[in-house]
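Chemist: A single structure is presented below for examination.
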Amino acid sequence: MSGLAILIPVALLMGLCGLVFFFWAMRNEQFEDLDGAAQRILIDQEDETP
């Protein structure tokens with residue numbers, strides 16, 4: 001039972017940290033260009049170095 005007294009607050013703290021980082025990423029526009037990376041992989045770039 002004493003293990004639960006440690007694990008439950010740790011799990012809640014980790015969930016809260018994840019939520020804070022998610023909102024930080026949303027505020028700093030990390031999720032604005034979701035299709036850009038998917039389109040970049042299809043672009044065929046050839047190196048022009050001999």
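Residues are named by chain letter and number: chains run A, B, ... in the order of the structure tokens, numbers start at 1 in each chain, and ligands are numbered from 1 in the order shown.
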Could you pull out the alpha helix (DSSP H) residues of chain A from DSSP and send them as a PDB file with C-alpha atoms, in the first residue's frame?
Modeler:
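out.pdb, freshly written:
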```pdb
ATOM      1  CA  SER A   2       2.894   2.360   0.652  1.00  0.00           C
ATOM      2  CA  GLY A   3       4.049   1.820  -2.935  1.00  0.00           C
ATOM      3  CA  LEU A   4       0.809   3.331  -4.194  1.00  0.00           C
ATOM      4  CA  ALA A   5       1.377   6.381  -2.017  1.00  0.00           C
ATOM      5  CA  ILE A   6       4.522   7.035  -4.076  1.00  0.00           C
ATOM      6  CA  LEU A   7       3.423   5.849  -7.521  1.00  0.00           C
ATOM      7  CA  ILE A   8       0.129   7.758  -7.762  1.00  0.00           C
ATOM      8  CA  PRO A   9       1.640  11.223  -7.124  1.00  0.00           C
ATOM      9  CA  VAL A  10       4.545  10.424  -9.462  1.00  0.00           C
ATOM     10  CA  ALA A  11       2.119   9.375 -12.211  1.00  0.00           C
ATOM     11  CA  LEU A  12       0.032  12.509 -11.708  1.00  0.00           C
ATOM     12  CA  LEU A  13       3.149  14.693 -11.814  1.00  0.00           C
ATOM     13  CA  MET A  14       4.344  13.033 -15.036  1.00  0.00           C
ATOM     14  CA  GLY A  15       0.917  13.518 -16.621  1.00  0.00           C
ATOM     15  CA  LEU A  16       0.866  17.165 -15.591  1.00  0.00           C
ATOM     16  CA  CYS A  17       4.368  17.692 -17.034  1.00  0.00           C
ATOM     17  CA  GLY A  18       3.260  16.115 -20.323  1.00  0.00           C
ATOM     18  CA  LEU A  19       0.209  18.375 -20.452  1.00  0.00           C
ATOM     19  CA  VAL A  20       2.317  21.473 -19.739  1.00  0.00           C
ATOM     20  CA  PHE A  21       4.785  20.573 -22.507  1.00  0.00           C
ATOM     21  CA  PHE A  22       1.919  19.917 -24.926  1.00  0.00           C
ATOM     22  CA  PHE A  23       0.416  23.349 -24.286  1.00  0.00           C
ATOM     23  CA  TRP A  24       3.878  24.899 -24.583  1.00  0.00           C
ATOM     24  CA  ALA A  25       4.298  23.279 -27.998  1.00  0.00           C
ATOM     25  CA  MET A  26       0.870  24.495 -29.089  1.00  0.00           C
ATOM     26  CA  ARG A  27       1.639  28.065 -27.978  1.00  0.00           C
ATOM     27  CA  LEU A  34       1.987  19.061 -40.276  1.00  0.00           C
ATOM     28  CA  ASP A  35       1.948  18.385 -44.027  1.00  0.00           C
ATOM     29  CA  GLY A  36       5.316  20.006 -44.709  1.00  0.00           C
ATOM     30  CA  ALA A  37       7.402  17.064 -43.542  1.00  0.00           C
ATOM     31  CA  ALA A  38       5.180  14.627 -45.408  1.00  0.00           C
ATOM     32  CA  GLN A  39       5.561  16.614 -48.638  1.00  0.00           C
ATOM     33  CA  ARG A  40       9.299  17.161 -48.198  1.00  0.00           C
TER      34      ARG A  40
END
```
